[in-house]
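start.cif (mmCIF, C-alpha atoms)
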```cif
data_structure
#
loop_
_atom_site.label_atom_id
_atom_site.label_comp_id
_atom_site.auth_asym_id
_atom_site.auth_seq_id
_atom_site.Cartn_x
_atom_site.Cartn_y
_atom_site.Cartn_z
CA MET A 382 12.92 -1.35 -2.66
CA THR A 383 15.66 -3.19 -0.77
CA GLY A 384 17.10 -4.65 -3.97
CA LEU A 385 17.19 -1.22 -5.61
CA ARG A 386 18.79 0.28 -2.53
CA ALA A 387 21.50 -2.37 -2.58
CA ALA A 388 22.17 -1.50 -6.23
CA SER A 389 22.25 2.21 -5.41
CA LEU A 390 24.94 1.56 -2.82
CA GLY A 391 27.00 -0.66 -5.09
CA VAL A 392 26.71 -3.64 -2.73
CA PRO A 393 25.60 -7.15 -3.77
CA PHE A 394 22.76 -7.45 -1.26
CA GLU A 395 21.11 -5.64 1.58
CA PRO A 396 19.67 -6.99 4.82
CA VAL A 397 16.05 -6.26 5.63
CA PRO A 398 13.95 -7.13 8.65
CA GLY A 399 10.79 -9.18 8.21
CA PHE A 400 9.94 -12.06 5.85
CA ARG A 401 10.12 -14.60 8.69
CA ASP A 402 7.64 -17.48 8.33
CA THR A 403 6.39 -16.23 4.95
CA ASN A 404 6.59 -17.98 1.57
CA LEU A 405 8.08 -15.00 -0.26
CA PRO A 406 11.81 -15.61 0.28
CA ALA A 407 11.62 -19.01 -1.41
CA THR A 408 9.97 -17.59 -4.52
CA ALA A 409 12.56 -14.84 -4.95
CA ASP A 410 15.64 -16.65 -3.65
CA PHE A 411 16.01 -14.32 -0.67
CA ARG A 412 18.38 -15.94 1.82
CA THR A 413 19.46 -15.32 5.36
CA VAL A 414 22.86 -14.34 6.69
CA LYS A 415 24.14 -14.17 10.23
CA ASP A 416 24.75 -10.76 11.72
CA PRO A 417 28.53 -10.98 12.23
CA TRP A 418 28.28 -9.23 15.60
CA THR A 419 25.19 -10.75 17.21
CA GLY A 420 24.89 -14.00 15.28
CA GLU A 421 21.22 -13.27 14.57
CA GLU A 422 19.75 -14.43 11.27
CA ILE A 423 18.45 -11.75 8.93
CA TYR A 424 17.11 -11.92 5.38
CA VAL A 425 19.14 -10.38 2.59
CA VAL A 426 17.80 -9.30 -0.78
CA PRO A 427 20.06 -9.40 -3.86
CA ALA A 428 20.81 -6.12 -5.62
CA LEU A 429 18.35 -5.24 -8.36
CA ARG A 430 20.27 -3.23 -10.93
CA PRO A 431 18.15 -2.10 -13.87
CA ARG A 432 19.91 -1.44 -17.13
CA TRP A 433 17.58 1.51 -17.65
CA ALA A 434 15.28 3.60 -15.51
CA ILE A 435 12.70 5.58 -17.47
CA LEU A 436 11.25 8.27 -15.23
CA HIS A 437 8.60 10.86 -15.96
CA VAL A 438 9.04 14.18 -14.15
CA GLN A 439 7.35 17.56 -14.28
CA GLU A 440 10.39 19.76 -14.89
CA ALA A 441 13.98 19.27 -15.91
CA ASP A 442 16.63 21.15 -17.81
CA ALA A 443 18.06 19.77 -21.03
CA ALA A 444 21.00 18.29 -19.14
CA GLY A 445 18.78 16.14 -16.91
CA ASN A 446 18.52 17.98 -13.61
CA ALA A 447 14.99 17.16 -12.56
CA ARG A 448 12.35 18.46 -10.22
CA ILE A 449 9.67 16.09 -9.03
CA PHE A 450 6.45 17.50 -7.62
CA GLY A 451 4.07 15.36 -5.61
CA SER A 452 5.35 12.05 -4.29
CA PRO A 453 8.64 10.99 -5.85
CA GLY A 454 7.55 7.40 -5.23
CA TYR A 455 10.65 5.29 -5.91
CA ASP A 456 11.93 7.55 -8.72
CA VAL A 457 15.00 8.90 -6.96
CA LEU A 458 16.01 5.43 -5.81
CA MET A 459 15.48 4.00 -9.31
CA ALA A 460 17.68 6.74 -10.74
CA GLN A 461 20.37 5.86 -8.21
CA ALA A 462 20.10 2.12 -8.89
CA ALA A 463 19.96 2.00 -12.69
CA ASP A 464 22.93 1.96 -15.07
CA GLU A 465 21.33 4.67 -17.19
CA VAL A 466 18.39 7.02 -16.77
CA ILE A 467 16.05 8.39 -19.41
CA LEU A 468 13.91 11.30 -18.28
CA THR A 469 10.65 12.10 -19.96
CA VAL A 470 9.58 15.58 -18.98
CA GLU A 471 6.37 17.59 -19.00
CA ARG A 472 8.39 20.73 -19.77
CA ILE A 473 12.05 21.47 -20.21
CA ILE A 474 13.06 24.59 -18.30
CA PRO A 475 16.27 26.62 -18.32
CA SER A 476 19.08 25.56 -15.99
CA SER A 477 19.11 29.10 -14.62
CA GLU A 478 15.61 28.55 -13.28
CA LEU A 479 16.69 25.38 -11.45
CA ALA A 480 19.67 27.26 -10.04
CA ARG A 481 17.35 29.71 -8.31
CA MET A 482 16.08 26.91 -6.02
CA PRO A 483 18.49 24.02 -6.47
CA GLU A 484 17.08 22.21 -3.43
CA LEU A 485 14.02 21.37 -5.50
CA THR A 486 16.15 19.31 -7.88
CA ARG A 487 15.81 15.64 -6.94
CA ILE A 488 17.77 13.94 -9.72
CA SER A 489 21.03 15.33 -11.06
CA GLU A 490 22.31 15.33 -14.61
CA LEU A 491 25.26 13.18 -13.47
CA SER A 492 23.11 10.07 -13.68
CA VAL A 493 20.93 10.99 -16.66
CA ALA A 494 21.65 9.75 -20.16
CA ALA A 495 18.81 11.41 -22.07
CA VAL A 496 16.00 13.91 -21.64
CA VAL A 497 12.87 13.83 -23.78
CA GLU A 498 10.14 16.45 -23.62
CA VAL A 499 6.86 14.50 -23.56
CA PRO A 500 3.93 16.61 -22.34
CA GLY A 501 1.23 14.22 -21.08
CA GLY A 502 3.80 11.44 -20.88
CA ALA A 503 2.32 9.89 -17.74
CA ARG A 504 -1.19 9.53 -19.17
CA PRO A 505 -3.46 7.75 -18.49
CA GLY A 506 -1.80 7.86 -15.06
CA ASP A 507 -1.56 11.02 -13.00
CA CYS A 508 1.18 13.59 -12.83
CA ALA A 509 0.93 15.76 -9.73
CA GLY A 510 0.16 19.37 -10.50
CA CYS A 511 -0.34 18.66 -14.21
CA TYR A 512 -3.21 16.21 -14.59
CA ASP A 513 -5.18 13.66 -12.60
CA ILE A 514 -5.59 9.98 -13.37
CA ASP A 515 -7.76 9.32 -16.44
CA GLU A 516 -9.98 6.45 -15.40
CA ALA A 517 -11.56 5.96 -18.80
CA GLY A 518 -8.07 5.99 -20.31
CA VAL A 519 -6.87 3.31 -17.91
CA ARG A 520 -9.91 1.23 -18.79
CA ARG A 521 -9.19 1.64 -22.53
CA TYR A 522 -5.62 0.50 -21.97
CA LEU A 523 -6.70 -2.54 -19.91
CA ASP A 524 -9.28 -3.53 -22.49
CA ALA A 525 -6.72 -3.24 -25.28
CA ALA A 526 -3.70 -4.77 -23.57
CA GLY A 527 -5.19 -8.25 -23.24
CA THR A 528 -3.95 -9.25 -26.68
CA ARG A 529 -0.79 -8.48 -28.63
CA GLU A 530 -2.81 -7.09 -31.52
CA GLY A 531 -4.95 -4.95 -29.21
CA LEU A 532 -1.88 -3.53 -27.52
CA ARG A 533 -0.29 -2.65 -30.86
CA THR A 534 -3.42 -0.87 -32.02
CA TYR A 535 -3.59 0.97 -28.71
CA LEU A 536 0.02 2.11 -28.90
CA GLU A 537 -0.32 3.21 -32.52
CA SER A 538 -3.52 5.14 -31.90
CA THR A 539 -2.54 6.79 -28.62
CA PRO A 540 -0.75 10.11 -28.94
CA MET B 35 -22.13 -2.55 5.25
CA PRO B 36 -19.41 -0.07 4.12
CA GLU B 37 -20.45 2.08 7.08
CA LEU B 38 -20.04 -0.80 9.53
CA MET B 39 -16.60 -1.62 8.17
CA ALA B 40 -15.35 1.97 8.03
CA VAL B 41 -16.58 2.65 11.56
CA ALA B 42 -15.17 -0.61 12.96
CA LEU B 43 -11.76 0.16 11.44
CA ALA B 44 -11.83 3.76 12.62
CA ARG B 45 -12.62 2.77 16.20
CA LEU B 46 -9.62 0.43 16.31
CA VAL B 47 -7.07 3.21 15.79
CA ARG B 48 -6.10 5.26 18.80
CA ASP B 49 -5.53 8.94 19.35
CA GLY B 50 -1.87 9.84 18.98
CA GLU B 51 -0.89 6.80 16.93
CA VAL B 52 0.97 7.07 13.63
CA ALA B 53 -1.05 5.15 11.06
CA CYS B 54 -0.39 4.20 7.46
CA HIS B 55 -2.03 2.32 4.62
CA GLY B 56 -1.05 1.10 1.19
CA VAL B 57 -2.30 1.68 -2.33
CA ASN B 58 -5.88 0.92 -3.36
CA SER B 59 -6.94 1.57 0.22
CA LEU B 60 -10.05 3.65 0.02
CA LEU B 61 -11.60 2.11 3.12
CA PRO B 62 -8.49 2.58 5.31
CA SER B 63 -8.05 6.17 4.17
CA LEU B 64 -11.71 6.84 4.94
CA ALA B 65 -11.45 5.13 8.34
CA LEU B 66 -8.40 7.18 9.31
CA ALA B 67 -10.03 10.43 8.22
CA LEU B 68 -13.11 9.44 10.20
CA ALA B 69 -11.07 8.67 13.32
CA ARG B 70 -9.27 12.02 13.04
CA ARG B 71 -12.61 13.83 12.93
CA LEU B 72 -14.00 12.00 15.95
CA HIS B 73 -12.14 10.20 18.72
CA ALA B 74 -8.56 10.54 17.46
CA PRO B 75 -7.83 14.16 16.45
CA ARG B 76 -4.11 13.63 17.10
CA LEU B 77 -3.88 10.47 15.01
CA ARG B 78 -1.19 10.90 12.35
CA HIS B 79 -2.22 9.74 8.89
CA VAL B 80 0.65 8.73 6.60
CA SER B 81 -0.69 8.10 3.11
CA ILE B 82 1.37 5.97 0.75
CA GLY B 83 0.96 8.81 -1.74
CA GLY B 84 3.25 10.82 0.49
CA GLY B 85 0.90 12.98 2.54
CA LEU B 86 1.00 13.48 6.30
CA ASP B 87 -2.40 14.33 7.77
CA GLY B 88 -3.70 15.26 4.34
CA THR B 89 -7.03 17.05 4.22
CA PRO B 90 -8.46 16.59 0.74
CA GLY B 91 -11.92 17.66 1.93
CA THR B 92 -13.87 14.73 0.58
CA ILE B 93 -11.87 11.55 0.16
CA PRO B 94 -10.42 10.87 -3.29
CA ARG B 95 -10.93 7.58 -5.08
CA SER B 96 -7.18 6.99 -5.23
CA SER B 97 -5.56 6.53 -1.84
CA SER B 98 -2.12 6.90 -3.40
CA GLY B 99 -2.70 9.92 -5.62
CA PRO B 100 -1.68 13.52 -5.02
CA ALA B 101 -5.04 14.51 -3.49
CA TRP B 102 -3.84 13.28 -0.08
CA LEU B 103 -0.98 15.80 -0.27
CA THR B 104 -3.50 18.61 0.26
CA GLY B 105 -2.71 20.30 3.56
CA SER B 106 0.32 18.07 4.20
CA PRO B 107 3.44 19.84 5.50
CA VAL B 108 5.69 17.32 3.76
CA VAL B 109 5.86 15.05 0.73
CA LEU B 110 7.11 11.61 1.69
CA SER B 111 8.44 9.32 -1.01
CA ASN B 112 7.54 5.63 -0.87
CA VAL B 113 11.08 5.07 0.33
CA ASP B 114 10.52 7.57 3.16
CA VAL B 115 7.33 5.78 4.24
CA TYR B 116 9.01 2.36 4.28
CA GLN B 117 11.97 3.72 6.17
CA LEU B 118 9.69 5.25 8.79
CA ALA B 119 8.19 1.80 9.25
CA LEU B 120 11.59 0.06 9.30
CA ARG B 121 12.71 2.50 11.97
CA GLY B 122 9.68 1.63 14.12
CA ARG B 123 7.91 4.94 13.62
CA ILE B 124 4.62 3.52 12.33
CA ASP B 125 2.32 2.31 15.10
CA VAL B 126 -0.54 0.88 13.12
CA MET B 127 -1.23 -0.14 9.54
CA LEU B 128 -4.58 -0.86 7.89
CA LEU B 129 -4.35 -3.46 5.18
CA GLY B 130 -6.68 -5.39 2.91
CA CYS B 131 -6.12 -8.98 1.88
CA VAL B 132 -7.68 -11.75 -0.17
CA GLN B 133 -7.24 -14.71 2.17
CA VAL B 134 -6.56 -14.91 5.88
CA ASP B 135 -6.36 -18.00 8.04
CA GLY B 136 -7.03 -18.83 11.68
CA ARG B 137 -3.36 -18.38 12.53
CA GLY B 138 -3.54 -14.80 11.31
CA ARG B 139 -1.50 -15.37 8.17
CA VAL B 140 -2.39 -13.29 5.15
CA ASN B 141 -2.33 -14.04 1.43
CA SER B 142 -2.37 -11.40 -1.28
CA THR B 143 -0.08 -13.21 -3.72
CA VAL B 144 -1.79 -16.17 -5.42
CA ILE B 145 -4.82 -18.43 -5.23
CA GLY B 146 -3.67 -21.98 -5.86
CA ASP B 147 -0.09 -23.11 -6.33
CA PHE B 148 2.53 -20.36 -6.68
CA ALA B 149 4.09 -21.85 -9.82
CA ARG B 150 0.73 -22.48 -11.51
CA PRO B 151 -1.74 -20.17 -9.80
CA ARG B 152 -5.45 -20.21 -10.48
CA VAL B 153 -5.44 -16.47 -9.81
CA ARG B 154 -2.44 -14.23 -9.57
CA LEU B 155 -3.14 -11.46 -7.07
CA PRO B 156 -1.54 -8.02 -6.84
CA GLY B 157 1.07 -9.09 -4.29
CA GLY B 158 1.91 -7.96 -0.81
CA GLY B 159 3.55 -4.64 -1.63
CA GLY B 160 5.97 -4.83 1.26
CA ALA B 161 3.55 -6.48 3.70
CA ALA B 162 6.01 -9.32 4.42
CA VAL B 163 8.31 -6.74 5.98
CA LEU B 164 5.75 -4.27 7.31
CA PHE B 165 3.91 -6.99 9.26
CA GLN B 166 7.05 -7.49 11.33
CA VAL B 167 8.11 -3.88 11.88
CA VAL B 168 4.79 -2.04 12.33
CA ARG B 169 3.53 -2.46 15.88
CA ARG B 170 -0.09 -3.34 15.07
CA VAL B 171 -1.52 -4.49 11.79
CA ILE B 172 -5.26 -4.33 11.28
CA VAL B 173 -6.35 -6.45 8.35
CA TYR B 174 -9.75 -6.19 6.73
CA ARG B 175 -11.68 -8.17 4.17
CA THR B 176 -14.89 -6.76 2.68
CA ARG B 177 -16.31 -10.26 2.16
CA HIS B 178 -16.77 -12.76 4.94
CA ASP B 179 -16.93 -16.22 3.39
CA GLN B 180 -15.15 -19.56 3.44
CA ALA B 181 -13.09 -18.62 0.40
CA SER B 182 -11.62 -15.63 2.24
CA LEU B 183 -11.36 -16.89 5.82
CA VAL B 184 -9.65 -20.21 5.23
CA PRO B 185 -8.14 -23.01 7.34
CA ALA B 186 -4.70 -22.34 5.77
CA VAL B 187 -3.81 -19.64 3.26
CA ASP B 188 -2.62 -20.85 -0.16
CA PHE B 189 0.49 -18.68 0.19
CA VAL B 190 1.86 -16.86 3.23
CA THR B 191 2.42 -13.31 1.98
CA ALA B 192 2.71 -11.83 5.44
CA THR B 193 2.53 -12.83 9.07
CA GLY B 194 3.61 -11.20 12.28
CA ASN B 195 2.15 -8.36 14.27
CA LEU B 196 -1.46 -8.90 13.27
CA ASP B 197 -3.72 -7.24 15.81
CA ARG B 198 -7.26 -7.45 14.42
CA LEU B 199 -9.17 -8.81 11.45
CA VAL B 200 -12.27 -6.83 10.54
CA THR B 201 -15.01 -8.21 8.28
CA PRO B 202 -18.64 -7.31 7.56
CA LEU B 203 -19.63 -9.86 10.21
CA GLY B 204 -17.23 -9.22 13.02
CA VAL B 205 -13.85 -8.46 14.52
CA PHE B 206 -11.28 -11.14 15.34
CA ARG B 207 -8.44 -10.46 17.73
CA ALA B 208 -5.05 -12.04 17.19
CA THR B 209 -3.89 -14.01 20.22
CA PRO B 210 -0.83 -16.23 20.63
CA ALA B 211 -3.18 -19.17 20.05
CA GLY B 212 -4.61 -17.75 16.82
CA LEU B 213 -7.54 -15.57 15.82
CA ARG B 214 -10.38 -15.33 18.31
CA LEU B 215 -13.76 -13.75 17.62
CA GLU B 216 -13.91 -10.63 19.75
CA ALA B 217 -17.01 -8.87 18.49
CA LEU B 218 -19.93 -9.28 16.13
CA GLN B 219 -21.00 -6.57 13.76
CA PRO B 220 -24.51 -5.27 14.50
CA GLY B 221 -27.00 -7.78 13.13
CA ALA B 222 -24.54 -10.68 12.83
CA THR B 223 -24.79 -13.84 14.91
CA LEU B 224 -22.16 -16.27 16.13
CA ALA B 225 -23.90 -19.03 14.17
CA GLU B 226 -23.65 -17.03 10.96
CA VAL B 227 -19.98 -16.21 11.52
CA THR B 228 -19.25 -19.88 12.24
CA ARG B 229 -21.08 -21.00 9.10
CA ARG B 230 -19.36 -18.52 6.84
CA THR B 231 -15.82 -18.97 8.22
CA GLY B 232 -13.47 -21.60 6.82
CA PHE B 233 -11.51 -22.02 10.05
CA THR B 234 -12.94 -22.99 13.44
CA VAL B 235 -14.41 -19.90 15.07
CA GLU B 236 -13.50 -19.59 18.72
CA PRO B 237 -15.18 -16.68 20.45
CA LEU B 238 -13.52 -14.89 23.33
CA PRO B 239 -15.42 -15.19 26.63
CA GLU B 240 -16.16 -11.46 26.45
CA LEU B 241 -17.65 -11.70 22.94
CA ALA B 242 -19.74 -8.59 22.38
CA THR B 243 -21.70 -6.92 19.62
CA LEU B 244 -20.27 -3.67 18.27
CA ALA B 245 -22.32 -0.59 18.94
CA PRO B 246 -24.03 0.49 15.71
CA PRO B 247 -22.49 3.52 13.99
CA THR B 248 -23.48 6.63 15.91
CA PRO B 249 -25.20 9.60 14.28
CA ALA B 250 -21.92 11.50 14.63
CA GLU B 251 -20.01 8.72 12.85
CA LEU B 252 -22.58 8.51 10.06
CA ALA B 253 -22.61 12.27 9.61
CA ALA B 254 -18.82 12.37 9.41
CA LEU B 255 -18.85 9.56 6.83
CA GLU B 256 -21.34 11.47 4.73
CA ALA B 257 -19.25 14.62 4.94
CA LEU B 258 -16.03 12.80 4.01
CA ASP B 259 -17.53 10.63 1.30
CA PRO B 260 -20.71 12.22 -0.06
CA ASP B 261 -20.41 10.33 -3.35
CA ARG B 262 -20.27 6.97 -1.54
CA LEU B 263 -16.96 5.87 -3.05
CA ARG B 264 -16.88 3.48 -0.09
CA ASP B 265 -19.41 1.30 -1.88
CA LEU B 266 -16.84 0.46 -4.58
CA ASP B 267 -15.06 -2.08 -2.39
CA PHE B 268 -18.30 -3.96 -1.80
CA ARG B 269 -19.49 -4.52 -5.35
#
```
Could you take the file, read its structure, and then write that structure out as structure tokens?
Amino acid sequence: MTGLRAASLGVPFEPVPGFRDTNLPATADFRTVKDPWTGEEIYVVPALRPRWAILHVQEADAAGNARIFGSPGYDVLMAQAADEVILTVERIIPSSELARMPELTRISELSVAAVVEVPGGARPGDCAGCYDIDEAGVRRYLDAAGTREGLRTYLESTP
Amino acid sequence: MPELMAVALARLVRDGEVACHGVNSLLPSLALALARRLHAPRLRHVSIGGGLDGTPGTIPRSSSGPAWLTGSPVVLSNVDVYQLALRGRIDVMLLGCVQVDGRGRVNSTVIGDFARPRVRLPGGGGAAVLFQVVRRVIVYRTRHDQASLVPAVDFVTATGNLDRLVTPLGVFRATPAGLRLEALQPGATLAEVTRRTGFTVEPLPELATLAPPTPAELAALEALDPDRLRDLDFR
């Protein structure tokens, strides 16, 4: 999250409390800097700037203004951090409908490169208000994804 | 055994605290719901799925899914939840782990060497930070054996404000000198805990045995989890 936030702010790194006496910083090349005012050491995490963020949302207009119902997770932050955003959408709705309650729009078209209407696009995961997690579907995916061939068959046979 | 663990966890959270848990946390979500029904009606339950004091009726299998949004006055993003913690607004966190050592360090990253692990685990999911910004961290492990409670963890995923470690055999309290056995689960003995623990077990002078789950606690568990989803973590 910290790396994405740094990217979203256009800065090269962001400080974050914690990590002291753990083995994680070494594995990810997190380093410490001195607080210029107090001299205290704090870990910094390098910016994590994805080329693409592919986000599935419940409703958006064709321009890419998106509503997210249920927990937005990290979606808004990912949209802010990535170079380009592709939205997959349960249903495309008219912009005029968004304009009636614009405060429900969480991602704006200004950062969206493409919108694709894909009903069921989060399956076998859940999509709040649309469908719950499909446990059998997750199991099928896990069983198939162990091998390259299995994954290909799964992708070709899954709508 | 799931009852003992859920009840022991529930009793450790206090009325009025703000509590959170991560993903795949059926037992913590059950324990918090149980505490809210019994001794801690003003406990605040922040689910990583974004709910505040969610009331799904019976607990859902997914502790991060939208079911915990039922009855919540707000939807918190994951970013919101982390920022609450970073700002010091989370009092207590309930967290599972794979390994824990006598110094109270937790591993949920790898078994074996990091570069060539024998088993790659799900990872800490922010625990390295949360352990140092949340006031009290209560860690649990549903198995009490020498592979889980080890002399030194293979990898330090998180360390810091550990408060308690809860297992099917007992409760350890974190002290400046390391973990100390504070209580035995009903039916467990000090000898058994010592035999099944990989680090040296040092009991506190006031070592006690936890009171068995009360009829009220058992009834609340049944009401919250009639399908016994709590057994899933113990298979």
Please provide as an NGL selection string all residues within 9 Å of range 484-492 of chain A, with the sequence filter that same-chain residues fewer than 5 positions apart are discarded (counting only C-alpha atoms). :A and (441-450 or 453 or 456-457 or 460-461 or 463-466 or 479)
Selected residues written out with C-alpha atoms, as a CSV table (one decimal), in the coordinates of the input:
```
chain,number,residue,atom,x,y,z
A,441,ALA,CA,14.0,19.3,-15.9
A,442,ASP,CA,16.6,21.2,-17.8
A,443,ALA,CA,18.1,19.8,-21.0
A,444,ALA,CA,21.0,18.3,-19.1
A,445,GLY,CA,18.8,16.1,-16.9
A,446,ASN,CA,18.5,18.0,-13.6
A,447,ALA,CA,15.0,17.2,-12.6
A,448,ARG,CA,12.4,18.5,-10.2
A,449,ILE,CA,9.7,16.1,-9.0
A,450,PHE,CA,6.4,17.5,-7.6
A,453,PRO,CA,8.6,11.0,-5.8
A,456,ASP,CA,11.9,7.6,-8.7
A,457,VAL,CA,15.0,8.9,-7.0
A,460,ALA,CA,17.7,6.7,-10.7
A,461,GLN,CA,20.4,5.9,-8.2
A,463,ALA,CA,20.0,2.0,-12.7
A,464,ASP,CA,22.9,2.0,-15.1
A,465,GLU,CA,21.3,4.7,-17.2
A,466,VAL,CA,18.4,7.0,-16.8
A,479,LEU,CA,16.7,25.4,-11.4
```
List, as a PyMOL selection string, every residue that the PyMOL selection byres ((chain A and resi 501) around 12) selects in the file provided. chain A and resi 437-439+469-472+497-500+502-515+539-540
With 8 Å as the limit and counting all atoms listed in the file, what residues in chain B lie close to chain A? Please list them as a PDB file with C-alpha atoms, in the coordinates of the input.
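Okay, out.pdb is ready:
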```pdb
ATOM      1  CA  GLY B  83       0.960   8.810  -1.740  1.00  0.00           C
ATOM      2  CA  GLY B  84       3.250  10.820   0.490  1.00  0.00           C
ATOM      3  CA  GLY B  99      -2.700   9.920  -5.620  1.00  0.00           C
ATOM      4  CA  PRO B 100      -1.680  13.520  -5.020  1.00  0.00           C
ATOM      5  CA  LEU B 103      -0.980  15.800  -0.270  1.00  0.00           C
ATOM      6  CA  VAL B 109       5.860  15.050   0.730  1.00  0.00           C
ATOM      7  CA  LEU B 110       7.110  11.610   1.690  1.00  0.00           C
ATOM      8  CA  SER B 111       8.440   9.320  -1.010  1.00  0.00           C
ATOM      9  CA  ASN B 112       7.540   5.630  -0.870  1.00  0.00           C
ATOM     10  CA  VAL B 113      11.080   5.070   0.330  1.00  0.00           C
ATOM     11  CA  LEU B 120      11.590   0.060   9.300  1.00  0.00           C
ATOM     12  CA  ALA B 162       6.010  -9.320   4.420  1.00  0.00           C
ATOM     13  CA  VAL B 163       8.310  -6.740   5.980  1.00  0.00           C
ATOM     14  CA  LEU B 164       5.750  -4.270   7.310  1.00  0.00           C
ATOM     15  CA  PHE B 165       3.910  -6.990   9.260  1.00  0.00           C
ATOM     16  CA  GLN B 166       7.050  -7.490  11.330  1.00  0.00           C
ATOM     17  CA  VAL B 167       8.110  -3.880  11.880  1.00  0.00           C
ATOM     18  CA  PHE B 189       0.490 -18.680   0.190  1.00  0.00           C
ATOM     19  CA  VAL B 190       1.860 -16.860   3.230  1.00  0.00           C
ATOM     20  CA  THR B 191       2.420 -13.310   1.980  1.00  0.00           C
ATOM     21  CA  ALA B 192       2.710 -11.830   5.440  1.00  0.00           C
ATOM     22  CA  THR B 193       2.530 -12.830   9.070  1.00  0.00           C
TER      23      THR B 193
END
```
CA of Val140 in chain B and CA of Pro156 in chain B, how far apart in Å? 13.1 Å
Just how far from CA of Pro237 in chain B is CA of Gly130 in chain B, in Å to one decimal? 22.5 Å
Ground truth for the PyMOL selection byres ((chain B and resi 185) around 9), written as number ranges by chain: B: 134-137, 180, 183-184, 186-187, 231-234
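Of the listed residues (A:Leu468, A:Ala494, A:Leu536, A:Ala409), A:Ala409 comes nearest to Val425 in chain A; the distances count all atoms listed in the file.
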With N, CA and C atoms as the target, complete range 475-491 of chain A and hand it back as a compact mmCIF listing (two decimals), in the coordinates of the input.
```txt
# COMPACT_ATOMS: atom_id res chain seq x y z
N PRO A 475 14.85 26.23 -18.29
CA PRO A 475 16.27 26.62 -18.32
C PRO A 475 17.00 26.23 -17.03
N SER A 476 18.26 25.89 -17.16
CA SER A 476 19.08 25.56 -15.99
C SER A 476 19.09 26.71 -14.99
N SER A 477 19.05 27.93 -15.51
CA SER A 477 19.11 29.10 -14.62
C SER A 477 17.91 29.12 -13.67
N GLU A 478 16.77 28.59 -14.15
CA GLU A 478 15.61 28.55 -13.28
C GLU A 478 15.81 27.52 -12.16
N LEU A 479 16.40 26.38 -12.49
CA LEU A 479 16.69 25.38 -11.45
C LEU A 479 17.67 25.96 -10.42
N ALA A 480 18.62 26.73 -10.92
CA ALA A 480 19.67 27.26 -10.04
C ALA A 480 19.11 28.24 -9.01
N ARG A 481 17.93 28.78 -9.28
CA ARG A 481 17.35 29.71 -8.31
C ARG A 481 16.89 28.98 -7.05
N MET A 482 16.46 27.72 -7.19
CA MET A 482 16.08 26.91 -6.02
C MET A 482 16.60 25.49 -6.22
N PRO A 483 17.91 25.33 -6.14
CA PRO A 483 18.49 24.02 -6.47
C PRO A 483 18.03 22.90 -5.54
N GLU A 484 17.52 23.27 -4.35
CA GLU A 484 17.08 22.21 -3.43
C GLU A 484 15.84 21.50 -3.93
N LEU A 485 15.18 22.05 -4.93
CA LEU A 485 14.02 21.37 -5.50
C LEU A 485 14.42 20.29 -6.50
N THR A 486 15.68 20.31 -6.90
CA THR A 486 16.15 19.31 -7.88
C THR A 486 16.40 17.99 -7.17
N ARG A 487 15.73 16.93 -7.63
CA ARG A 487 15.81 15.64 -6.94
C ARG A 487 16.73 14.64 -7.65
N ILE A 488 16.90 14.84 -8.95
CA ILE A 488 17.77 13.94 -9.72
C ILE A 488 18.77 14.83 -10.46
N SER A 489 20.04 14.47 -10.41
CA SER A 489 21.03 15.33 -11.06
C SER A 489 21.42 14.79 -12.42
N GLU A 490 21.91 15.69 -13.25
CA GLU A 490 22.31 15.33 -14.61
C GLU A 490 23.41 14.27 -14.62
N LEU A 491 24.13 14.11 -13.49
CA LEU A 491 25.26 13.18 -13.47
C LEU A 491 24.82 11.74 -13.72
```
